[in-house]
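Visitor: Next comes structure.pdb, PDB, C-alpha atoms:
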ATOM      1  CA  MET B 238       4.421  13.834 -25.507
ATOM      2  CA  GLY B 239       1.260  15.142 -23.850
ATOM      3  CA  ARG B 240       0.047  14.064 -20.437
ATOM      4  CA  ARG B 241      -2.242  11.046 -20.367
ATOM      5  CA  SER B 242      -5.724  11.686 -19.064
ATOM      6  CA  LYS B 243      -6.863   9.649 -16.081
ATOM      7  CA  GLN B 244     -10.045   8.976 -18.004
ATOM      8  CA  GLU B 245      -8.033   6.968 -20.536
ATOM      9  CA  PHE B 246      -7.646   4.231 -17.924
ATOM     10  CA  ARG B 247     -11.067   2.689 -17.812
ATOM     11  CA  ALA B 248     -11.332  -1.076 -17.677
ATOM     12  CA  ASP B 249      -9.088  -3.391 -15.694
ATOM     13  CA  THR B 250      -7.656  -4.803 -18.923
ATOM     14  CA  PRO B 251      -3.875  -4.492 -19.324
ATOM     15  CA  ARG B 252      -2.765  -2.736 -22.477
ATOM     16  CA  PRO B 253       0.596  -1.830 -23.980
ATOM     17  CA  ASP B 254       1.973   1.582 -23.175
ATOM     18  CA  GLU B 255       2.964   3.932 -26.004
ATOM     19  CA  ASP B 256       6.431   2.426 -26.389
ATOM     20  CA  GLY B 257       5.100  -1.124 -26.103
ATOM     21  CA  THR B 258       7.150  -2.015 -23.010
ATOM     22  CA  CYS B 259       4.793  -1.058 -20.169
ATOM     23  CA  ILE B 260       1.293  -2.241 -19.453
ATOM     24  CA  GLN B 261      -1.494  -0.824 -17.386
ATOM     25  CA  LEU B 262      -1.630  -2.571 -14.026
ATOM     26  CA  THR B 263      -4.583  -2.872 -11.681
ATOM     27  CA  SER B 264      -4.134  -3.235  -7.938
ATOM     28  CA  MET B 265      -5.859  -5.716  -5.667
ATOM     29  CA  ASP B 266      -8.735  -5.464  -3.200
ATOM     30  CA  PRO B 267      -7.857  -4.213   0.282
ATOM     31  CA  LEU B 268      -7.295  -6.441   3.285
ATOM     32  CA  VAL B 269      -9.466  -5.075   6.082
ATOM     33  CA  ALA B 270     -11.624  -6.212   8.987
ATOM     34  CA  PRO B 271     -14.051  -4.376  11.268
ATOM     35  CA  GLY B 272     -12.218  -2.354  13.878
ATOM     36  CA  CYS B 273      -8.935  -1.869  12.025
ATOM     37  CA  ARG B 274      -7.082   1.165  13.347
ATOM     38  CA  VAL B 275      -4.098   1.426  11.001
ATOM     39  CA  LEU B 276      -3.915   1.273   7.203
ATOM     40  CA  ILE B 277      -0.664   0.264   5.537
ATOM     41  CA  LEU B 278      -0.450   1.678   2.020
ATOM     42  CA  GLY B 279       1.997   0.572  -0.639
ATOM     43  CA  SER B 280       2.213   2.094  -4.100
ATOM     44  CA  MET B 281       1.301  -0.767  -6.494
ATOM     45  CA  PRO B 282       1.908  -4.489  -5.859
ATOM     46  CA  GLY B 283       4.939  -5.984  -7.562
ATOM     47  CA  GLN B 284       4.483  -8.412 -10.421
ATOM     48  CA  VAL B 285       4.893 -11.509  -8.235
ATOM     49  CA  SER B 286       2.123 -10.247  -5.951
ATOM     50  CA  LEU B 287      -0.158  -9.369  -8.850
ATOM     51  CA  ASP B 288       0.394 -12.767 -10.450
ATOM     52  CA  SER B 289      -0.357 -14.617  -7.219
ATOM     53  CA  GLY B 290      -3.086 -12.297  -5.937
ATOM     54  CA  GLU B 291      -1.246 -12.052  -2.617
ATOM     55  CA  TYR B 292       0.172  -8.932  -1.001
ATOM     56  CA  TYR B 293       3.948  -8.887  -0.583
ATOM     57  CA  ALA B 294       4.375 -12.299  -2.208
ATOM     58  CA  HIS B 295       7.954 -11.814  -3.401
ATOM     59  CA  PRO B 296      10.058 -14.157  -1.246
ATOM     60  CA  GLN B 297      12.651 -11.450  -0.629
ATOM     61  CA  ASN B 298      10.152  -8.799   0.428
ATOM     62  CA  ARG B 299      10.433  -8.461   4.194
ATOM     63  CA  PHE B 300       6.909  -7.218   4.894
ATOM     64  CA  TRP B 301       5.639 -10.430   6.471
ATOM     65  CA  ARG B 302       8.791 -10.895   8.525
ATOM     66  CA  VAL B 303       8.312  -7.383   9.900
ATOM     67  CA  MET B 304       4.664  -8.136  10.692
ATOM     68  CA  GLU B 305       5.757 -11.340  12.407
ATOM     69  CA  ALA B 306       8.177  -9.426  14.632
ATOM     70  CA  ILE B 307       5.639  -6.737  15.550
ATOM     71  CA  PHE B 308       2.274  -8.522  15.571
ATOM     72  CA  GLY B 309       3.225 -12.180  15.835
ATOM     73  CA  VAL B 310       1.966 -13.005  12.345
ATOM     74  CA  SER B 311       3.582 -16.357  11.599
ATOM     75  CA  THR B 312       5.447 -16.403   8.301
ATOM     76  CA  ALA B 313       5.017 -20.177   8.359
ATOM     77  CA  GLY B 314       1.250 -19.792   8.127
ATOM     78  CA  SER B 315      -0.738 -19.753   4.921
ATOM     79  CA  TYR B 316      -1.515 -16.460   3.240
ATOM     80  CA  ASP B 317      -5.093 -16.603   4.525
ATOM     81  CA  GLN B 318      -3.851 -17.230   8.046
ATOM     82  CA  ARG B 319      -1.383 -14.355   7.860
ATOM     83  CA  THR B 320      -3.899 -11.859   6.504
ATOM     84  CA  SER B 321      -6.542 -12.921   9.014
ATOM     85  CA  HIS B 322      -4.086 -12.540  11.903
ATOM     86  CA  LEU B 323      -2.961  -9.117  10.686
ATOM     87  CA  THR B 324      -6.428  -7.657  10.151
ATOM     88  CA  LEU B 325      -7.655  -9.056  13.474
ATOM     89  CA  ALA B 326      -4.707  -7.254  15.064
ATOM     90  CA  GLY B 327      -6.184  -4.030  13.693
ATOM     91  CA  VAL B 328      -4.074  -3.579  10.562
ATOM     92  CA  ALA B 329      -5.502  -3.107   7.065
ATOM     93  CA  VAL B 330      -3.436  -3.302   3.860
ATOM     94  CA  TRP B 331      -4.008  -1.654   0.491
ATOM     95  CA  ASP B 332      -2.247   0.470  -2.120
ATOM     96  CA  VAL B 333      -2.459   4.107  -3.108
ATOM     97  CA  LEU B 334      -2.732   3.323  -6.808
ATOM     98  CA  LYS B 335      -5.567   1.537  -8.566
ATOM     99  CA  HIS B 336      -3.923   1.755 -11.988
ATOM    100  CA  CYS B 337      -0.513   2.643 -13.371
ATOM    101  CA  SER B 338       1.928   1.637 -16.067
ATOM    102  CA  ARG B 339       5.275   0.246 -15.013
ATOM    103  CA  ASP B 340       8.154  -1.605 -16.672
ATOM    104  CA  GLY B 341       9.103  -4.282 -14.146
ATOM    105  CA  SER B 342       8.276  -4.108 -10.448
ATOM    106  CA  LEU B 343      10.285  -1.154  -9.128
ATOM    107  CA  ASP B 344       8.469   1.918  -7.819
ATOM    108  CA  SER B 345      10.959   4.043  -9.704
ATOM    109  CA  SER B 346       9.645   2.547 -12.966
ATOM    110  CA  ILE B 347       6.063   3.722 -12.415
ATOM    111  CA  LEU B 348       5.108   6.337 -14.995
ATOM    112  CA  ALA B 349       3.694   9.239 -12.992
ATOM    113  CA  ASP B 350       1.341  10.341 -15.757
ATOM    114  CA  THR B 351      -0.418   6.960 -15.652
ATOM    115  CA  GLU B 352      -1.113   6.907 -11.912
ATOM    116  CA  VAL B 353      -4.793   6.599 -10.977
ATOM    117  CA  PRO B 354      -5.527   6.419  -7.230
ATOM    118  CA  ASN B 355      -7.785   4.028  -5.398
ATOM    119  CA  ASP B 356     -10.871   5.592  -3.830
ATOM    120  CA  LEU B 357      -9.253   6.065  -0.447
ATOM    121  CA  MET B 358     -11.753   8.717   0.604
ATOM    122  CA  ASP B 359     -14.635   6.273   0.310
ATOM    123  CA  PHE B 360     -12.581   3.578   2.027
ATOM    124  CA  MET B 361     -11.860   5.853   4.999
ATOM    125  CA  LYS B 362     -15.513   6.833   5.269
ATOM    126  CA  ARG B 363     -16.558   3.174   5.357
ATOM    127  CA  HIS B 364     -13.855   2.234   7.884
ATOM    128  CA  ARG B 365     -14.099   5.013  10.437
ATOM    129  CA  THR B 366     -11.998   3.264  13.061
ATOM    130  CA  ILE B 367      -8.869   3.789  10.947
ATOM    131  CA  ASP B 368      -7.012   6.761  12.357
ATOM    132  CA  ARG B 369      -3.463   6.154  11.169
ATOM    133  CA  VAL B 370      -1.866   5.600   7.767
ATOM    134  CA  VAL B 371       1.590   4.085   7.409
ATOM    135  CA  PHE B 372       3.157   4.267   3.960
ATOM    136  CA  ASN B 373       5.368   1.395   2.882
ATOM    137  CA  GLY B 374       8.089   3.559   1.384
ATOM    138  CA  ARG B 375       8.392   7.094   0.070
ATOM    139  CA  LYS B 376       6.821   6.417  -3.328
ATOM    140  CA  ALA B 377       3.491   5.488  -1.753
ATOM    141  CA  ALA B 378       3.563   8.642   0.371
ATOM    142  CA  LYS B 379       4.463  10.810  -2.610
ATOM    143  CA  SER B 380       1.620   9.447  -4.747
ATOM    144  CA  PHE B 381      -0.849   9.810  -1.862
ATOM    145  CA  HIS B 382       0.027  13.445  -1.242
ATOM    146  CA  ARG B 383      -0.012  14.252  -4.954
ATOM    147  CA  LEU B 384      -3.221  12.459  -5.888
ATOM    148  CA  VAL B 385      -5.345  12.004  -2.766
ATOM    149  CA  ALA B 386      -4.518  14.229   0.194
ATOM    150  CA  HIS B 387      -5.747  17.516  -1.265
ATOM    151  CA  ASP B 388      -9.227  16.056  -1.848
ATOM    152  CA  LEU B 389      -9.736  14.770   1.688
ATOM    153  CA  PRO B 390     -12.401  16.622   3.710
ATOM    154  CA  ASP B 391     -11.394  18.302   6.957
ATOM    155  CA  GLU B 392     -13.027  15.537   8.993
ATOM    156  CA  LEU B 393     -10.649  12.982   7.508
ATOM    157  CA  ARG B 394      -7.630  15.275   7.684
ATOM    158  CA  ASN B 395      -8.260  15.830  11.380
ATOM    159  CA  ARG B 396      -8.820  12.138  12.074
ATOM    160  CA  LEU B 397      -5.810  10.687  10.310
ATOM    161  CA  SER B 398      -2.181  10.751  11.288
ATOM    162  CA  CYS B 399       0.377   9.630   8.718
ATOM    163  CA  ASP B 400       3.896   8.253   8.845
ATOM    164  CA  VAL B 401       6.340   6.895   6.269
ATOM    165  CA  ALA B 402       8.097   3.621   7.082
ATOM    166  CA  PRO B 403      11.091   2.403   5.075
ATOM    167  CA  SER B 404      10.131   0.181   2.174
ATOM    168  CA  THR B 405      10.181  -3.536   2.872
ATOM    169  CA  SER B 406      11.044  -4.173  -0.787
ATOM    170  CA  PRO B 407      14.233  -6.098  -1.576
ATOM    171  CA  ALA B 408      15.223  -3.027  -3.606
ATOM    172  CA  ASN B 409      15.718  -1.232  -0.270
ATOM    173  CA  ALA B 410      18.792  -3.313   0.486
ATOM    174  CA  ARG B 411      20.373  -0.644   2.690
ATOM    175  CA  ALA B 412      17.805  -1.295   5.426
ATOM    176  CA  THR B 413      18.514  -4.466   7.376
ATOM    177  CA  LEU B 414      15.659  -6.474   8.867
ATOM    178  CA  PRO B 415      16.335  -5.215  12.444
ATOM    179  CA  VAL B 416      16.309  -1.619  11.175
ATOM    180  CA  LEU B 417      13.026  -2.218   9.360
ATOM    181  CA  ILE B 418      11.425  -3.812  12.399
ATOM    182  CA  ASP B 419      12.440  -0.933  14.659
ATOM    183  CA  ALA B 420      11.235   1.724  12.198
ATOM    184  CA  TRP B 421       7.929  -0.034  11.538
ATOM    185  CA  ARG B 422       7.313  -0.629  15.232
ATOM    186  CA  LYS B 423       7.600   3.114  15.790
ATOM    187  CA  ALA B 424       5.418   3.899  12.763
ATOM    188  CA  VAL B 425       2.481   1.811  13.978
ATOM    189  CA  ALA B 426       2.941   2.639  17.666
ATOM    190  CA  GLU B 427       0.373   5.450  17.707
ATOM    191  CA  SER B 428      -2.289   3.457  15.904
ATOM    192  CA  GLY B 429      -3.671   1.454  18.792
ATOM    193  CA  ALA B 430      -3.240  -1.732  16.775
ATOM    194  CA  ASP B 431      -2.933  -4.800  18.954
ATOM    195  CA  GLU B 432       0.801  -5.312  19.165
ATOM    196  CA  PRO B 433       1.624  -8.154  21.532
ATOM    197  CA  SER B 434       3.326  -7.077  24.723
ATOM    198  CA  GLY B 435       6.643  -8.430  25.907
TER     199      GLY B 435
END
Spit out the file's structure as structure tokens when you get a sec.
Guide:
Amino acid sequence: MGRRSKQEFRADTPRPDEDGTCIQLTSMDPLVAPGCRVLILGSMPGQVSLDSGEYYAHPQNRFWRVMEAIFGVSTAGSYDQRTSHLTLAGVAVWDVLKHCSRDGSLDSSILADTEVPNDLMDFMKRHRTIDRVVFNGRKAAKSFHRLVAHDLPDELRNRLSCDVAPSTSPANARATLPVLIDAWRKAVAESGADEPSG
């Protein structure tokens, strides 16, 4: 089977993959506010998140509990309250991929030949205060380095520092919540995001 061309993925309309089991997925708009210093990048939202239009909506995903521990984002708050708190703390959220085909919600099920990246170069140019990228898991980092990093101009390469934090997905069951919190705290530490003291 030949490689799929990125140009084949035009509109945001899902379509069956060649074997009929996978569909083209389209990611969501970024969460960002003026002055954000750190950008958290996932790979592609899971199906629960895509269906709800909310980042990290799966009840067993620990992303929001980690953000609560580090930035004081209340998990009891509404989604709008949580995202507002996080972006005002200097943290933006998006995904590396704009389109891909995937059977289910696992990163390991993403078909590499169908990956189309978001326009992260334009995003970084429009949000020049961002100087740190934290990947939510190794898949996001792998896709970024394969599809995006080589096209970044020197100005962006010199500005950005990158780190990979362990995935907050329930599929990463080996990492306990305290381990995740500690690893993520270290990953965002150099960003200058407004982590509460004490």
Visitor: List the residues sitting within 8 Å of (-7.1, -3.1, 3.1) in the file's frame, using only C-alpha atoms, as a PyMOL selection string.
Guide: chain B and resi 266-269+276-277+329-332
Visitor: So which residues touch Leu357 (chain B) within 9 Å, counting all atoms listed in the file, skipping near sequence neighbours fewer than 2 positions away, as a ChimeraX atom specification?
Guide: /B:333,354-355,359-362,385,389
Visitor: Those residues with C-alpha atoms, as a short mmCIF file (atom, residue, chain, number, x, y, z; two decimals), in the coordinates of the input please?
Guide:
data_model
loop_
_atom_site.label_atom_id
_atom_site.label_comp_id
_atom_site.auth_asym_id
_atom_site.auth_seq_id
_atom_site.Cartn_x
_atom_site.Cartn_y
_atom_site.Cartn_z
CA VAL B 333 -2.46 4.11 -3.11
CA PRO B 354 -5.53 6.42 -7.23
CA ASN B 355 -7.78 4.03 -5.40
CA ASP B 359 -14.64 6.27 0.31
CA PHE B 360 -12.58 3.58 2.03
CA MET B 361 -11.86 5.85 5.00
CA LYS B 362 -15.51 6.83 5.27
CA VAL B 385 -5.34 12.00 -2.77
CA LEU B 389 -9.74 14.77 1.69
#
Visitor: In Å, how far is it from CA of Gln261 (chain B) to CA of His336 (chain B)?
Guide: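 CA of His336 (chain B) lies at a distance of 6.5 Å from CA of Gln261 (chain B).
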Visitor: So which residues get picked by the PyMOL selection byres ((chain B and resi 405) around 8) here, written as a ChimeraX atom specification?
Guide: /B:298-300,373-374,403-404,406-407,409,417
Visitor: Expressed in Å to a single decimal, how great is the separation between CA of Asn395 (chain B) and CA of Arg369 (chain B)?
Guide: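 Atom-to-atom, CA of Asn395 (chain B) to CA of Arg369 (chain B), that is 10.8 Å.
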